[in-house]
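**Q** Handing over my_file.txt, compact mmCIF, C-alpha atoms.
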```txt
# COMPACT_ATOMS: atom_id res chain seq x y z
CA MET C 1 -28.55 31.51 11.26
CA SER C 2 -25.55 29.84 12.90
CA VAL C 3 -23.03 28.44 10.42
CA LEU C 4 -19.92 26.44 11.34
CA GLU C 5 -16.94 26.54 8.99
CA MET C 6 -15.30 23.11 9.05
CA LYS C 7 -11.56 23.18 8.45
CA VAL C 8 -9.17 20.38 7.56
CA PRO C 9 -7.52 19.13 10.77
CA SER C 10 -3.84 18.19 10.75
CA PRO C 11 -3.56 14.41 10.23
CA GLY C 12 -0.02 14.38 11.57
CA GLU C 13 3.28 16.16 11.87
CA SER C 14 4.85 17.37 8.59
CA ILE C 15 1.60 16.99 6.62
CA THR C 16 0.53 20.32 5.10
CA GLU C 17 -1.96 19.19 2.46
CA VAL C 18 -4.65 16.54 2.02
CA GLU C 19 -6.83 15.46 -0.88
CA ILE C 20 -10.60 14.97 -0.75
CA ALA C 21 -10.81 11.31 -1.78
CA THR C 22 -14.57 10.79 -1.34
CA TRP C 23 -17.49 12.81 0.01
CA LEU C 24 -19.67 10.44 2.05
CA VAL C 25 -22.56 12.96 2.04
CA GLU C 26 -24.10 15.20 -0.62
CA ASP C 27 -24.50 18.94 -0.72
CA GLY C 28 -27.64 19.85 1.24
CA ASP C 29 -27.72 16.67 3.38
CA TYR C 30 -28.53 16.87 7.09
CA VAL C 31 -25.55 15.45 9.03
CA GLU C 32 -25.28 14.37 12.65
CA LYS C 33 -22.38 15.40 14.87
CA ASP C 34 -19.44 12.95 14.56
CA GLN C 35 -20.95 11.37 11.43
CA PRO C 36 -18.21 10.61 8.87
CA ILE C 37 -18.70 13.08 6.03
CA ALA C 38 -15.56 12.53 3.92
CA GLU C 39 -12.49 10.40 3.38
CA VAL C 40 -9.31 12.43 2.96
CA ASP C 41 -5.98 11.21 1.65
CA SER C 42 -2.69 12.41 3.04
CA ASP C 43 0.64 11.20 1.72
CA LYS C 44 0.72 8.62 4.51
CA ALA C 45 -2.83 7.43 5.15
CA THR C 46 -6.53 7.75 4.36
CA LEU C 47 -8.56 9.20 7.23
CA GLU C 48 -12.24 9.85 7.88
CA LEU C 49 -13.41 13.42 8.49
CA PRO C 50 -16.26 13.55 11.07
CA ALA C 51 -18.87 16.32 11.22
CA GLU C 52 -18.08 18.72 14.06
CA GLU C 53 -21.74 19.65 14.60
CA SER C 54 -25.23 18.61 13.40
CA GLY C 55 -26.96 20.54 10.62
CA ILE C 56 -27.33 21.06 6.86
CA ILE C 57 -24.01 20.70 5.06
CA THR C 58 -22.74 22.78 2.14
CA LEU C 59 -19.67 21.38 0.41
CA LYS C 60 -16.87 23.81 -0.43
CA ALA C 61 -14.45 21.42 -2.15
CA GLU C 62 -14.74 18.83 -4.89
CA GLU C 63 -13.57 15.22 -4.83
CA GLY C 64 -9.95 15.13 -5.99
CA ASP C 65 -9.20 18.66 -4.74
CA ALA C 66 -5.91 19.17 -2.90
CA VAL C 67 -6.72 21.21 0.23
CA ALA C 68 -4.30 22.82 2.67
CA VAL C 69 -4.48 21.82 6.34
CA GLY C 70 -6.64 24.49 8.04
CA ALA C 71 -8.62 25.35 4.88
CA VAL C 72 -12.45 25.38 4.96
CA VAL C 73 -13.95 22.35 3.19
CA CYS C 74 -17.62 22.70 4.13
CA HIS C 75 -20.19 24.76 6.03
CA ILE C 76 -22.67 23.29 8.50
CA ASP C 77 -25.86 25.29 9.18
CA MET C 78 -26.42 24.41 12.85
CA SER C 79 -29.72 26.35 12.99
CA ALA C 80 -31.37 24.04 10.44
CA ALA C 81 -33.89 21.59 11.87
CA LYS C 82 -33.49 17.88 11.20
CA PRO C 83 -35.87 16.80 8.38
CA GLU C 84 -38.75 14.66 9.55
CA GLY C 85 -39.78 11.38 7.96
CA GLY C 86 -36.75 10.60 5.86
CA GLU C 87 -33.81 11.88 3.99
CA GLU C 88 -35.04 15.18 2.59
CA LYS C 89 -32.31 17.18 0.98
CA LYS C 90 -31.98 20.88 0.70
CA GLU C 91 -31.34 21.62 -2.95
CA ALA C 92 -28.12 23.52 -3.44
CA PRO C 93 -28.52 26.56 -5.70
CA LYS C 94 -27.34 25.82 -9.20
CA THR C 95 -25.05 28.62 -10.30
CA GLU C 96 -23.13 26.83 -13.01
CA GLU C 97 -23.76 28.00 -16.53
CA LYS C 98 -23.43 25.72 -19.49
CA LYS C 99 -20.22 26.41 -21.30
CA GLU C 100 -20.16 25.83 -25.02
CA ALA C 101 -17.22 23.81 -26.24
CA PRO C 102 -14.93 25.90 -28.42
CA LYS C 103 -15.44 25.19 -32.08
CA ALA C 104 -12.49 23.51 -33.71
CA GLU C 105 -11.03 25.52 -36.53
CA PRO C 106 -10.94 23.58 -39.79
CA ALA C 107 -7.46 22.46 -40.75
CA LYS C 108 -6.09 24.05 -43.90
CA GLU C 109 -5.03 20.95 -45.79
CA THR C 110 -5.05 20.87 -49.55
CA TYR C 111 -5.09 17.12 -50.22
CA ALA C 112 -8.18 15.11 -51.15
CA THR C 113 -10.88 14.04 -48.73
CA GLY C 114 -10.11 10.75 -46.93
CA THR C 115 -6.44 10.81 -47.86
CA ALA C 116 -3.41 11.64 -45.72
CA SER C 117 -0.95 14.50 -45.98
CA PRO C 118 2.66 13.58 -46.88
CA ALA C 119 3.72 13.89 -43.23
CA ALA C 120 0.75 11.76 -42.10
CA LYS C 121 1.50 9.15 -44.78
CA LYS C 122 5.07 8.78 -43.57
CA ILE C 123 3.98 8.32 -39.93
CA LEU C 124 1.26 5.82 -40.91
CA ALA C 125 3.73 3.84 -43.03
CA GLU C 126 6.09 3.54 -40.05
CA LYS C 127 3.18 2.16 -38.01
CA GLY C 128 2.15 -0.25 -40.77
CA MET C 129 -1.20 1.51 -41.20
CA SER C 130 -3.09 3.15 -44.04
CA ALA C 131 -5.30 6.24 -44.08
CA SER C 132 -8.39 4.01 -44.38
CA ASP C 133 -7.63 2.50 -40.93
CA ILE C 134 -8.41 5.74 -39.11
CA LYS C 135 -11.00 8.49 -39.13
CA GLY C 136 -9.63 11.90 -40.04
CA THR C 137 -10.49 14.99 -38.03
CA GLY C 138 -9.46 17.54 -40.63
CA LYS C 139 -11.76 19.36 -43.01
CA ASP C 140 -14.10 16.97 -44.84
CA GLY C 141 -12.62 14.04 -42.94
CA ARG C 142 -9.07 14.50 -44.14
CA VAL C 143 -6.31 12.68 -42.18
CA THR C 144 -3.97 15.15 -40.49
CA LYS C 145 -0.47 14.67 -39.11
CA ASP C 146 -1.91 14.72 -35.55
CA ASP C 147 -4.38 11.97 -36.52
CA ALA C 148 -1.45 9.83 -37.69
CA VAL C 149 0.60 10.50 -34.54
CA GLN C 150 -2.30 9.49 -32.28
CA ALA C 151 -3.36 6.47 -34.34
CA VAL C 152 -2.92 3.09 -32.66
CA PRO C 153 -2.47 -0.05 -34.79
CA SER C 154 -5.26 -2.57 -34.30
CA MET C 155 -4.25 -5.83 -32.58
CA GLY C 156 -6.40 -8.04 -34.78
CA THR C 157 -9.44 -7.67 -36.96
CA PRO C 158 -10.55 -4.02 -37.23
CA GLY C 159 -13.68 -3.30 -35.24
CA MET C 160 -13.37 -6.36 -33.01
CA GLY C 161 -13.16 -5.82 -29.25
CA SER C 162 -13.06 -2.77 -27.00
CA ARG C 163 -10.43 -0.06 -27.47
CA GLY C 164 -11.45 2.07 -24.49
CA SER C 165 -9.20 3.50 -21.84
CA GLU C 166 -9.63 5.29 -18.53
CA ARG C 167 -7.58 8.09 -17.00
CA LYS C 168 -7.71 8.36 -13.21
CA LYS C 169 -5.74 10.56 -10.84
CA LEU C 170 -3.46 8.73 -8.43
CA SER C 171 -4.28 9.22 -4.74
CA MET C 172 -1.86 11.25 -2.62
CA LEU C 173 -0.88 8.07 -0.80
CA ARG C 174 -0.11 6.25 -4.07
CA ARG C 175 1.85 9.25 -5.39
CA LYS C 176 3.89 9.48 -2.17
CA VAL C 177 4.63 5.75 -2.20
CA ALA C 178 5.77 6.08 -5.84
CA GLU C 179 8.08 8.98 -4.94
CA ARG C 180 9.58 7.07 -2.02
CA LEU C 181 10.17 3.91 -4.05
CA VAL C 182 11.96 5.85 -6.79
CA ALA C 183 14.00 7.70 -4.14
CA VAL C 184 15.10 4.38 -2.60
CA LYS C 185 16.38 3.12 -5.95
CA ASN C 186 18.23 6.39 -6.57
CA GLU C 187 19.57 7.12 -3.08
CA THR C 188 20.53 3.72 -1.66
CA ALA C 189 22.96 1.00 -2.71
CA MET C 190 20.26 -1.68 -2.63
CA LEU C 191 21.16 -5.33 -3.07
CA THR C 192 19.13 -8.50 -2.45
CA THR C 193 20.25 -11.86 -1.08
CA PHE C 194 18.14 -15.02 -1.22
CA ASN C 195 17.72 -18.27 0.68
CA GLU C 196 15.17 -21.05 1.13
CA VAL C 197 13.37 -22.25 4.23
CA ASN C 198 12.02 -25.72 4.92
CA MET C 199 8.66 -24.91 6.52
CA GLN C 200 7.93 -28.49 7.67
CA PRO C 201 8.82 -27.86 11.36
CA ILE C 202 6.41 -24.89 11.47
CA PHE C 203 3.73 -26.94 9.66
CA ASP C 204 4.13 -29.67 12.30
CA LEU C 205 3.83 -27.17 15.19
CA ARG C 206 0.76 -25.49 13.68
CA LYS C 207 -0.89 -28.85 13.05
CA GLU C 208 -0.38 -29.84 16.69
CA TYR C 209 -1.21 -26.56 18.42
CA LYS C 210 -3.20 -24.20 16.16
CA GLU C 211 -6.72 -25.35 17.17
CA ASP C 212 -5.99 -25.07 20.91
CA PHE C 213 -4.15 -21.77 20.33
CA LYS C 214 -7.12 -20.23 18.51
CA ALA C 215 -9.63 -21.58 21.03
CA LYS C 216 -7.66 -20.11 23.92
CA HIS C 217 -6.50 -16.79 22.45
CA GLY C 218 -9.09 -15.94 19.79
CA VAL C 219 -6.45 -15.50 17.06
CA GLY C 220 -4.91 -17.99 14.67
CA LEU C 221 -1.36 -19.29 14.93
CA GLY C 222 -0.12 -18.01 11.57
CA PHE C 223 3.27 -17.71 9.92
CA MET C 224 3.75 -14.02 10.80
CA SER C 225 4.54 -14.67 14.47
CA PHE C 226 7.28 -17.16 13.54
CA PHE C 227 8.78 -14.77 10.96
CA THR C 228 8.50 -11.72 13.22
CA LEU C 229 10.20 -13.43 16.16
CA ALA C 230 12.83 -14.99 13.87
CA CYS C 231 13.61 -11.49 12.55
CA VAL C 232 13.76 -10.03 16.08
CA ARG C 233 16.34 -12.66 17.02
CA ALA C 234 18.36 -12.05 13.83
CA LEU C 235 18.23 -8.25 14.29
CA GLN C 236 19.67 -8.66 17.79
CA MET C 237 22.47 -10.80 16.32
CA TYR C 238 23.17 -8.34 13.48
CA PRO C 239 22.43 -4.82 14.79
CA ALA C 240 23.62 -3.14 11.55
CA VAL C 241 20.46 -4.48 9.88
CA ASN C 242 18.45 -2.69 12.59
CA SER C 243 20.10 0.64 11.74
CA MET C 244 19.60 3.56 9.36
CA ILE C 245 21.63 6.37 7.84
CA ASP C 246 21.02 9.98 8.89
CA GLY C 247 23.34 12.23 6.90
CA LYS C 248 26.88 11.20 7.79
CA GLU C 249 25.81 9.21 10.84
CA MET C 250 24.44 5.71 11.41
CA ILE C 251 21.70 5.29 14.01
CA SER C 252 21.35 1.83 15.59
CA TYR C 253 18.40 0.87 17.80
CA ASP C 254 18.25 -1.38 20.85
CA PHE C 255 14.58 -2.20 20.13
CA GLN C 256 12.86 -3.91 17.21
CA ASP C 257 9.84 -2.11 15.74
CA ILE C 258 8.68 -4.36 12.90
CA SER C 259 6.72 -2.82 10.01
CA ILE C 260 4.30 -5.24 8.36
CA ALA C 261 3.43 -4.43 4.72
CA VAL C 262 -0.35 -4.75 4.19
CA SER C 263 -2.27 -4.22 0.96
CA GLY C 264 -5.05 -1.72 1.77
CA PRO C 265 -7.86 -0.21 -0.33
CA LYS C 266 -5.77 2.90 -1.03
CA GLY C 267 -2.48 1.12 -1.64
CA LEU C 268 0.38 -0.27 0.41
CA MET C 269 0.23 0.34 4.17
CA VAL C 270 3.03 -0.47 6.63
CA PRO C 271 1.66 -0.49 10.20
CA VAL C 272 4.28 -1.04 12.91
CA ILE C 273 4.45 -3.67 15.66
CA ARG C 274 6.13 -1.74 18.50
CA ASN C 275 8.81 -3.41 20.63
CA ALA C 276 8.27 -6.78 18.98
CA GLU C 277 11.15 -8.14 21.10
CA ASN C 278 8.83 -8.05 24.13
CA LEU C 279 5.94 -9.91 22.46
CA THR C 280 4.97 -13.57 22.63
CA PHE C 281 3.52 -15.58 19.73
CA ARG C 282 0.08 -14.59 20.96
CA GLY C 283 1.10 -10.93 21.23
CA VAL C 284 2.43 -10.79 17.68
CA GLU C 285 -0.58 -12.58 16.15
CA SER C 286 -3.01 -10.29 18.01
CA GLU C 287 -1.16 -7.16 16.91
CA VAL C 288 -0.85 -8.32 13.27
CA LYS C 289 -4.59 -9.01 13.16
CA ARG C 290 -5.49 -5.66 14.78
CA LEU C 291 -3.27 -3.60 12.48
CA ALA C 292 -4.28 -5.50 9.32
CA ILE C 293 -7.98 -4.92 10.02
CA ARG C 294 -7.41 -1.21 10.69
CA ALA C 295 -5.36 -0.85 7.49
CA ARG C 296 -7.92 -2.64 5.31
CA GLU C 297 -10.79 -0.62 6.76
CA GLY C 298 -8.91 2.63 6.15
CA GLN C 299 -8.73 3.45 9.87
CA ILE C 300 -4.95 3.28 10.28
CA THR C 301 -3.31 6.46 11.58
CA VAL C 302 -0.05 8.09 10.54
CA ASP C 303 1.45 7.38 13.98
CA GLU C 304 0.76 3.65 13.53
CA MET C 305 2.80 3.63 10.30
CA THR C 306 5.90 5.57 11.32
CA GLY C 307 8.99 4.63 13.28
CA GLY C 308 9.60 1.04 12.16
CA THR C 309 13.19 -0.21 12.17
CA PHE C 310 12.71 -3.21 9.83
CA THR C 311 9.98 -4.38 7.43
CA ILE C 312 8.46 -7.77 6.54
CA THR C 313 6.41 -8.08 3.36
CA ASN C 314 4.49 -11.18 2.28
CA GLY C 315 4.05 -11.47 -1.47
CA GLY C 316 3.22 -15.14 -1.00
CA VAL C 317 -0.40 -14.32 -0.20
CA PHE C 318 -0.74 -13.22 -3.85
CA GLY C 319 1.15 -16.26 -5.20
CA SER C 320 4.62 -14.74 -5.63
CA MET C 321 7.39 -17.34 -5.83
CA LEU C 322 10.34 -14.94 -5.70
CA SER C 323 10.81 -11.16 -5.70
CA THR C 324 13.24 -8.42 -4.74
CA PRO C 325 11.38 -6.27 -2.20
CA ILE C 326 12.20 -2.55 -2.09
CA ILE C 327 13.48 -1.06 1.18
CA ASN C 328 10.96 0.96 3.21
CA PRO C 329 12.85 4.26 3.86
CA PRO C 330 14.52 5.35 6.07
CA GLN C 331 15.02 1.72 7.08
CA SER C 332 18.00 -0.24 5.77
CA ALA C 333 16.52 -3.68 5.11
CA ILE C 334 13.32 -5.57 4.29
CA LEU C 335 12.49 -9.28 4.35
CA GLY C 336 10.32 -10.69 1.57
CA MET C 337 8.22 -13.81 2.23
CA HIS C 338 6.85 -15.83 -0.69
CA ASN C 339 4.50 -18.72 -1.40
CA ILE C 340 5.13 -22.19 0.00
CA VAL C 341 5.57 -24.92 -2.61
CA ASN C 342 6.20 -28.65 -2.15
CA ARG C 343 9.63 -29.32 -3.62
CA PRO C 344 12.00 -32.33 -3.65
CA MET C 345 14.75 -31.83 -1.06
CA ALA C 346 17.75 -33.91 0.02
CA VAL C 347 17.13 -34.92 3.68
CA ASN C 348 19.65 -37.28 5.31
CA GLY C 349 20.81 -38.47 1.90
CA GLU C 350 17.30 -39.13 0.58
CA VAL C 351 14.99 -37.15 -1.68
CA VAL C 352 11.96 -36.04 0.33
CA ILE C 353 9.07 -33.73 -0.66
CA GLN C 354 9.08 -30.73 1.70
CA PRO C 355 7.16 -27.42 1.88
CA ILE C 356 9.73 -24.80 0.83
CA MET C 357 9.57 -20.99 0.89
CA TYR C 358 12.09 -18.77 -0.83
CA VAL C 359 12.99 -15.72 1.27
CA ALA C 360 14.68 -12.51 0.14
CA LEU C 361 16.50 -9.81 2.07
CA SER C 362 16.96 -6.45 0.33
CA TYR C 363 19.45 -4.25 2.15
CA ASP C 364 21.33 -0.96 1.89
CA HIS C 365 24.92 -1.91 1.13
CA ARG C 366 26.15 1.48 2.39
CA ILE C 367 25.85 0.27 5.99
CA ILE C 368 25.17 -3.47 5.71
CA ASP C 369 27.96 -5.67 4.34
CA GLY C 370 27.49 -8.96 2.54
CA LYS C 371 28.66 -10.91 5.59
CA GLU C 372 25.96 -9.30 7.78
CA SER C 373 23.16 -9.55 5.20
CA VAL C 374 23.83 -13.21 4.44
CA GLY C 375 24.38 -13.97 8.12
CA PHE C 376 21.08 -12.28 9.01
CA LEU C 377 19.11 -14.29 6.44
CA VAL C 378 20.79 -17.54 7.51
CA ALA C 379 19.86 -16.72 11.14
CA VAL C 380 16.22 -16.23 10.06
CA LYS C 381 16.34 -19.55 8.18
CA GLU C 382 17.84 -21.37 11.18
CA ALA C 383 15.16 -20.06 13.55
CA LEU C 384 12.32 -20.99 11.18
CA GLU C 385 13.72 -24.48 10.60
CA ASN C 386 14.35 -25.06 14.32
CA PRO C 387 11.62 -22.96 16.01
CA VAL C 388 11.21 -25.15 19.11
CA GLU C 389 14.82 -24.63 20.21
CA LEU C 390 15.54 -21.13 18.87
CA LEU C 391 12.16 -19.36 19.25
CA MET C 392 10.38 -21.35 21.97
CA GLY C 393 13.15 -22.15 24.44
CA GLY C 394 12.55 -25.87 23.94
CA ASN C 395 9.01 -25.67 25.34
CA PRO C 396 6.29 -25.07 22.68
CA LYS C 397 3.42 -25.34 25.18
CA LYS C 398 4.86 -22.59 27.35
CA ALA C 399 5.81 -20.42 24.38
CA LEU C 400 2.30 -20.69 22.98
CA GLU C 401 0.78 -20.15 26.46
CA MET C 402 -1.33 -23.31 26.32
```
What is this file in structure tokens?
**A**
Amino acid sequence: MSVLEMKVPSPGESITEVEIATWLVEDGDYVEKDQPIAEVDSDKATLELPAEESGIITLKAEEGDAVAVGAVVCHIDMSAAKPEGGEEKKEAPKTEEKKEAPKAEPAKETYATGTASPAAKKILAEKGMSASDIKGTGKDGRVTKDDAVQAVPSMGTPGMGSRGSERKKLSMLRRKVAERLVAVKNETAMLTTFNEVNMQPIFDLRKEYKEDFKAKHGVGLGFMSFFTLACVRALQMYPAVNSMIDGKEMISYDFQDISIAVSGPKGLMVPVIRNAENLTFRGVESEVKRLAIRAREGQITVDEMTGGTFTITNGGVFGSMLSTPIINPPQSAILGMHNIVNRPMAVNGEVVIQPIMYVALSYDHRIIDGKESVGFLVAVKEALENPVELLMGGNPKKALEM
């Protein structure tokens, strides 16, 4: 009998522990080499764990278990023959014994059945409830102090509607994101500045060129390429926004790695567009599409989500009109996009209906001053409202590679 012990590989530098999110196979299944057998969560991404060899698998960890990198999570019996004619499973030996639930000791109350103790009465009165509203767990159905503490007032007619709840453990990724967001609020001097963008010039360009662009390049001409390239230009104009604090030092970068916030199945992902300053409209749209697909399919790697110098997040896809995005540490600023709404605007002294988007820039005031933050957002606005001149060099056809 030849048995392989499968250990948790390291998903990336600095990661010492993962969590078994989902087993994709069952104990006793025959697995093929390289077949995905589990999804594991790290604090940065969800990754698939492939079988290292073919054989019968024995699981050594439960879903939800936190497992150290290098720990054994399953055995694969490589000497086992592949079952013929279907998915026969080798029954795992059942070693669990039924455990009897401990019997609750009867409470030693002295008041009458169905009534509440003095302490319980006081708590119920504060909640506007009576003992008849709840079921007691004390001896003979008596209402105890704990019953009163845990009682929840009914929002309407008693007995009408569900009162259920569900408790579910947060994934490692979700827990890490939560920790980072709280840390940002506590450790940075975060402020947000707002502006509005008239999207009509971009609408006009997309209307004229998007069909030919998609036919030629295989990707749509979306808003992300305009926003990404507008941010690249603004970051070059205001390098403090493309910087971050490291202890008592400020690090500024001569390149623009743009993180794009994407909602994935396991939570927020922020894949990075590397050296966005070197990309064309086609290059940005292709990279956004590639990274978004990988994030939503849970295939994104840790390396693809680290090293960004600035983040763009688009709450508009969910209908958000205005928000204050939270900085993606250790970066110093983030741009929030929102939905586009037709609003009355003053154009050349006349009221005209225009497609308007509110934009928000959250920034770390420790290294970015008001002048730079406002100037940066105005530079983004100017580029988006005059894309032909400021983003396309006056030649849309050439810029879009038609």
**Q** What gap, in Å, lies between CA of Ser263 in chain C and CA of Val284 in chain C?
**A**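 We find that CA of Ser263 in chain C and CA of Val284 in chain C lie 18.6 Å from each other.
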**Q** Dig up all the protein and nucleic acid residues within 10 Å of (20.1, -20.9, 14.8) in the file frame, using all atoms listed in the file, and format them as a PyMOL selection string.
**A** chain C and resi 230+233-234+378-387+389-391
**Q** May I ask which of the residues C:Thr188, C:Lys168, C:Ala66, C:Thr46 is the closest one to Ala295 in chain C, counting all atoms listed in the file?
**A**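 Of all the options, C:Thr46 lies closest to Ala295 in chain C.
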**Q** For the atom pair CA of Asn395 in chain C and CA of Leu235 in chain C, what is the interatomic distance in Å to one decimal place?
**A**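 That distance, rounded to one decimal, is 22.6 Å.
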**Q** From the options C:Arg175, C:Ile367, C:Ala71, C:Gly222, which residue's atoms come nearest to Ile202 in chain C, counting only C-alpha atoms?
**A**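 Counting only C-alpha atoms, the residue closest to Ile202 in chain C is C:Gly222.
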**Q** Suppose you want the space between CA of Pro50 in chain C and CA of Gly308 in chain C; what is it in Å?
**A**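 Interatomic distance, CA of Pro50 in chain C to CA of Gly308 in chain C: 28.7 Å.
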**Q** Using all atoms listed in the file, which residue out of C:Lys169, C:Phe376, C:Cys231, C:Thr144 lies closest to Glu277 in chain C?
**A**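 Result for the nearest residue to Glu277 in chain C: C:Cys231.
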**Q** Once you count all atoms listed in the file, which residues end up no further than 12 Å from (3.7, 6.9, 16.8) in the file's frame, shown as a CSV table (one decimal) with C-alpha atoms, in the frame of the given file?
**A**
```
chain,number,residue,atom,x,y,z
C,12,GLY,CA,0.0,14.4,11.6
C,13,GLU,CA,3.3,16.2,11.9
C,257,ASP,CA,9.8,-2.1,15.7
C,271,PRO,CA,1.7,-0.5,10.2
C,272,VAL,CA,4.3,-1.0,12.9
C,273,ILE,CA,4.4,-3.7,15.7
C,274,ARG,CA,6.1,-1.7,18.5
C,300,ILE,CA,-5.0,3.3,10.3
C,301,THR,CA,-3.3,6.5,11.6
C,302,VAL,CA,0.0,8.1,10.5
C,303,ASP,CA,1.4,7.4,14.0
C,304,GLU,CA,0.8,3.6,13.5
C,305,MET,CA,2.8,3.6,10.3
C,306,THR,CA,5.9,5.6,11.3
C,307,GLY,CA,9.0,4.6,13.3
C,308,GLY,CA,9.6,1.0,12.2
```
**Q** Write out as a PyMOL selection string which residues come within 10 Å of Ser320 in chain C when counting only C-alpha atoms, dropping same-chain ones fewer than 3 positions away.
**A** chain C and resi 314-317+323+337-340+358
**Q** Within 12 Å of Phe213 in chain C, counting only C-alpha atoms, which residues show up once you throw out same-chain ones fewer than 4 positions away? Write them as a ChimeraX atom specification, please.
**A** /C:205-209,217-222,281-282,285-286,396-402
**Q** Could you please take those selected residues and save C-alpha atoms as a CSV table (one decimal), in the coordinates of the input?
**A**
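Output file selection.csv follows:
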```
chain,number,residue,atom,x,y,z
C,205,LEU,CA,3.8,-27.2,15.2
C,206,ARG,CA,0.8,-25.5,13.7
C,207,LYS,CA,-0.9,-28.8,13.0
C,208,GLU,CA,-0.4,-29.8,16.7
C,209,TYR,CA,-1.2,-26.6,18.4
C,217,HIS,CA,-6.5,-16.8,22.4
C,218,GLY,CA,-9.1,-15.9,19.8
C,219,VAL,CA,-6.4,-15.5,17.1
C,220,GLY,CA,-4.9,-18.0,14.7
C,221,LEU,CA,-1.4,-19.3,14.9
C,222,GLY,CA,-0.1,-18.0,11.6
C,281,PHE,CA,3.5,-15.6,19.7
C,282,ARG,CA,0.1,-14.6,21.0
C,285,GLU,CA,-0.6,-12.6,16.2
C,286,SER,CA,-3.0,-10.3,18.0
C,396,PRO,CA,6.3,-25.1,22.7
C,397,LYS,CA,3.4,-25.3,25.2
C,398,LYS,CA,4.9,-22.6,27.4
C,399,ALA,CA,5.8,-20.4,24.4
C,400,LEU,CA,2.3,-20.7,23.0
C,401,GLU,CA,0.8,-20.2,26.5
C,402,MET,CA,-1.3,-23.3,26.3
```
**Q** Since fewer atoms than expected are present, regenerate N, CA, C and O atoms for range 51-62 of chain C and write them as a PDB file, in the frame of the given file.
**A**
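rebuild-v3.pdb, written as the output of this step:
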```pdb
ATOM      1  N   ALA C  51     -18.195  15.026  11.083  1.00  0.00           N
ATOM      2  CA  ALA C  51     -18.870  16.320  11.220  1.00  0.00           C
ATOM      3  C   ALA C  51     -18.660  16.854  12.628  1.00  0.00           C
ATOM      4  O   ALA C  51     -18.799  16.118  13.612  1.00  0.00           O
ATOM      5  N   GLU C  52     -18.337  18.141  12.747  1.00  0.00           N
ATOM      6  CA  GLU C  52     -18.080  18.720  14.060  1.00  0.00           C
ATOM      7  C   GLU C  52     -19.370  19.097  14.785  1.00  0.00           C
ATOM      8  O   GLU C  52     -19.396  19.190  16.008  1.00  0.00           O
ATOM      9  N   GLU C  53     -20.437  19.331  14.020  1.00  0.00           N
ATOM     10  CA  GLU C  53     -21.740  19.650  14.600  1.00  0.00           C
ATOM     11  C   GLU C  53     -22.832  19.056  13.712  1.00  0.00           C
ATOM     12  O   GLU C  53     -22.561  18.611  12.592  1.00  0.00           O
ATOM     13  N   SER C  54     -24.094  19.073  14.190  1.00  0.00           N
ATOM     14  CA  SER C  54     -25.230  18.610  13.400  1.00  0.00           C
ATOM     15  C   SER C  54     -25.813  19.775  12.612  1.00  0.00           C
ATOM     16  O   SER C  54     -25.788  20.926  13.072  1.00  0.00           O
ATOM     17  N   GLY C  55     -26.335  19.489  11.411  1.00  0.00           N
ATOM     18  CA  GLY C  55     -26.960  20.540  10.620  1.00  0.00           C
ATOM     19  C   GLY C  55     -26.933  20.217   9.142  1.00  0.00           C
ATOM     20  O   GLY C  55     -26.554  19.115   8.727  1.00  0.00           O
ATOM     21  N   ILE C  56     -27.345  21.205   8.319  1.00  0.00           N
ATOM     22  CA  ILE C  56     -27.330  21.060   6.860  1.00  0.00           C
ATOM     23  C   ILE C  56     -25.931  21.406   6.355  1.00  0.00           C
ATOM     24  O   ILE C  56     -25.382  22.451   6.691  1.00  0.00           O
ATOM     25  N   ILE C  57     -25.390  20.521   5.514  1.00  0.00           N
ATOM     26  CA  ILE C  57     -24.010  20.700   5.060  1.00  0.00           C
ATOM     27  C   ILE C  57     -23.968  21.304   3.656  1.00  0.00           C
ATOM     28  O   ILE C  57     -24.796  20.982   2.798  1.00  0.00           O
ATOM     29  N   THR C  58     -23.020  22.209   3.457  1.00  0.00           N
ATOM     30  CA  THR C  58     -22.740  22.780   2.140  1.00  0.00           C
ATOM     31  C   THR C  58     -21.279  22.510   1.826  1.00  0.00           C
ATOM     32  O   THR C  58     -20.392  22.938   2.572  1.00  0.00           O
ATOM     33  N   LEU C  59     -21.032  21.777   0.750  1.00  0.00           N
ATOM     34  CA  LEU C  59     -19.670  21.380   0.410  1.00  0.00           C
ATOM     35  C   LEU C  59     -18.934  22.523  -0.268  1.00  0.00           C
ATOM     36  O   LEU C  59     -19.495  23.213  -1.123  1.00  0.00           O
ATOM     37  N   LYS C  60     -17.683  22.724   0.117  1.00  0.00           N
ATOM     38  CA  LYS C  60     -16.870  23.810  -0.430  1.00  0.00           C
ATOM     39  C   LYS C  60     -15.635  23.299  -1.180  1.00  0.00           C
ATOM     40  O   LYS C  60     -14.750  24.078  -1.530  1.00  0.00           O
ATOM     41  N   ALA C  61     -15.572  21.995  -1.398  1.00  0.00           N
ATOM     42  CA  ALA C  61     -14.450  21.420  -2.150  1.00  0.00           C
ATOM     43  C   ALA C  61     -14.967  20.215  -2.925  1.00  0.00           C
ATOM     44  O   ALA C  61     -15.923  19.549  -2.502  1.00  0.00           O
ATOM     45  N   GLU C  62     -14.342  19.954  -4.044  1.00  0.00           N
ATOM     46  CA  GLU C  62     -14.740  18.830  -4.890  1.00  0.00           C
ATOM     47  C   GLU C  62     -13.867  17.615  -4.579  1.00  0.00           C
ATOM     48  O   GLU C  62     -12.753  17.743  -4.081  1.00  0.00           O
TER      49      GLU C  62
END
```
